Amino acid sequence: MTLFRTIPLRNTFKGKVIFATDVHGQLGYLQKALSLMDYKDPVDGVPVDMIFGAGDMIDRGDESYLTAQKFRYDIDKFSINGNHELLCLDEEEMTGDRLLVSQYTNGGEWREKVGKGVVKDLNNHYKEMPLAAEVIMPDGKKIGIVHATVPEGMHWDEMKAELTKPNPCRDLIRYLTWERKSVYRKDTYEVHGVDAVVCGHNVLDYGYQIIGNKVHIDTGATFMCNGSDRNRLTLLEYKAGGPILGMFEPHEFVLNERGNIDYI
């Protein structure tokens, strides 16, 4: 498993760069939101705009497999692994009731529908996906992506070095994919060595939150959290001088009672 990846964007790239997280099988929701943002599909095999995910593209939603395949094969889409992708991998070693409990507890019922062969093929992909990534923007800014958050006091390059070792620290892997306490405490430390870190995993009340130089954007695409009476999806667009850390503009969407989405 490759646990870290650097993605440099050419200095000639002029399209939108979007960050998303925890789509959880809501592909139609994501695609409608991108359409409202005038997101452009690739032209002649070359990306016009790009979207980067912080994991948990699967589980809970009916379109989990389709979402996974989009972020696997579309040249304008990329995602790291989140804890739900790792749970899918863990289930390869499970059988019987233990497997069923894992699937139904975590919203993985879709795996029964698509079949073991399809899930095995998808897991082969997850084994090659990183747990953290950095996107080097055309202007030189470095945007980190992790699923949960980065430990306090850990320099970005230190984390990167650990993840590229043959046997990286298991405690670090768990922290990057599962940590909740420091986020809900709103520990305001900054992650040095990177301009900003986009995080998911923790569904936060009342919308996205900026904690240090970490931007937490899991606002409940499959949950209703405080501050919203509908499922809310937040997408970040990289934009120099934007209201978030001078680098991002937020775009928020909610599902309405007709099953359509409102751009708020």
# chains A, B, ... in the order shown; residues from 1 in each chain; ligands from 1
>>> select_by_dssp(residues="segment 1-249 of chain A", states="alpha helix (DSSP H)", output="number ranges by chain")
A: 27-36, 64-73, 83-90, 96-105, 110-114, 116-126, 156-163, 170-178, 181-184
>>> select_by_dssp(residues="segment 30-253 of chain A", states="strand (DSSP E)", output="count of residues only")
40
>>> closest_residue(among="A:Leu163, A:Cys199, A:Val43, A:Val114", to="Gly55 of chain A", atoms="only C-alpha atoms")
A:Cys199
>>> closest_atom_pairs(of="segment 45-115 of chain A", to="segment 174-192 of chain A", cutoff="12 Å", atoms="only C-alpha atoms", output="Markdown table")
| residue | atom | partner | partner_atom | distance |
| --- | --- | --- | --- | --- |
| A:Ala54 | CA | A:Thr177 | CA | 9.9 |
| A:Gly55 | CA | A:Thr177 | CA | 8.9 |
| A:Asp56 | CA | A:Thr177 | CA | 9.9 |
| A:Ile80 | CA | A:Thr177 | CA | 10.3 |
| A:Asn81 | CA | A:Thr177 | CA | 8.2 |
| A:Gly82 | CA | A:Thr177 | CA | 5.8 |
| A:Asn83 | CA | A:Thr177 | CA | 5.3 |
| A:His84 | CA | A:Thr177 | CA | 9.0 |
| A:Glu85 | CA | A:Thr177 | CA | 10.0 |
| A:Leu86 | CA | A:Thr177 | CA | 8.8 |
| A:Leu87 | CA | A:Thr177 | CA | 10.7 |
>>> write_last_selection(atoms="C-alpha atoms", output="compact mmCIF listing (two decimals), in the first residue's frame")
# COMPACT_ATOMS: atom_id res chain seq x y z
CA ALA A 54 -10.39 13.29 1.62
CA GLY A 55 -11.78 9.75 1.76
CA ASP A 56 -15.01 7.95 2.64
CA ILE A 80 -7.24 9.20 -0.54
CA ASN A 81 -8.50 6.35 1.63
CA GLY A 82 -10.70 7.13 4.61
CA ASN A 83 -11.66 4.84 7.45
CA HIS A 84 -14.53 3.37 5.42
CA GLU A 85 -12.22 2.32 2.60
CA LEU A 86 -10.02 0.69 5.25
CA LEU A 87 -13.06 -1.04 6.73
>>> atom_distance(atom1="atom CA of Asp74 of chain A", atom2="atom CA of Ala148 of chain A")
24.4 Å
>>> closest_residue(among="A:Glu237, A:Asp59, A:Glu109, A:Asp262", to="Val17 of chain A", atoms="only C-alpha atoms")
A:Glu237
>>> closest_residue(among="A:Ile217, A:Leu235, A:Ile7, A:Ile211", to="Met37 of chain A", atoms="only C-alpha atoms")
A:Leu235
>>> closest_residue(among="A:Asn213, A:Thr12, A:Thr105, A:Gln31", to="Gly246 of chain A", atoms="only C-alpha atoms")
A:Asn213
>>> closest_atom_pairs(of="segment 22-140 of chain A", to="segment 150-159 of chain A", cutoff="12 Å", atoms="only C-alpha atoms", output="CSV")
residue,atom,partner,partner_atom,distance
A:Leu131,CA,A:Met159,CA,10.8
A:Ala132,CA,A:Met159,CA,9.1
A:Ala133,CA,A:Trp156,CA,10.4
A:Glu134,CA,A:Trp156,CA,9.7
>>> atom_distance(atom1="atom CA of Asp62 of chain A", atom2="atom CA of Thr149 of chain A")
27.1 Å
>>> atom_distance(atom1="atom CA of Tyr206 of chain A", atom2="atom CA of His24 of chain A")
19.5 Å
>>> closest_residue(among="A:Phe13, A:Tyr208, A:Phe253, A:Tyr263", to="Val46 of chain A", atoms="only C-alpha atoms")
A:Phe13
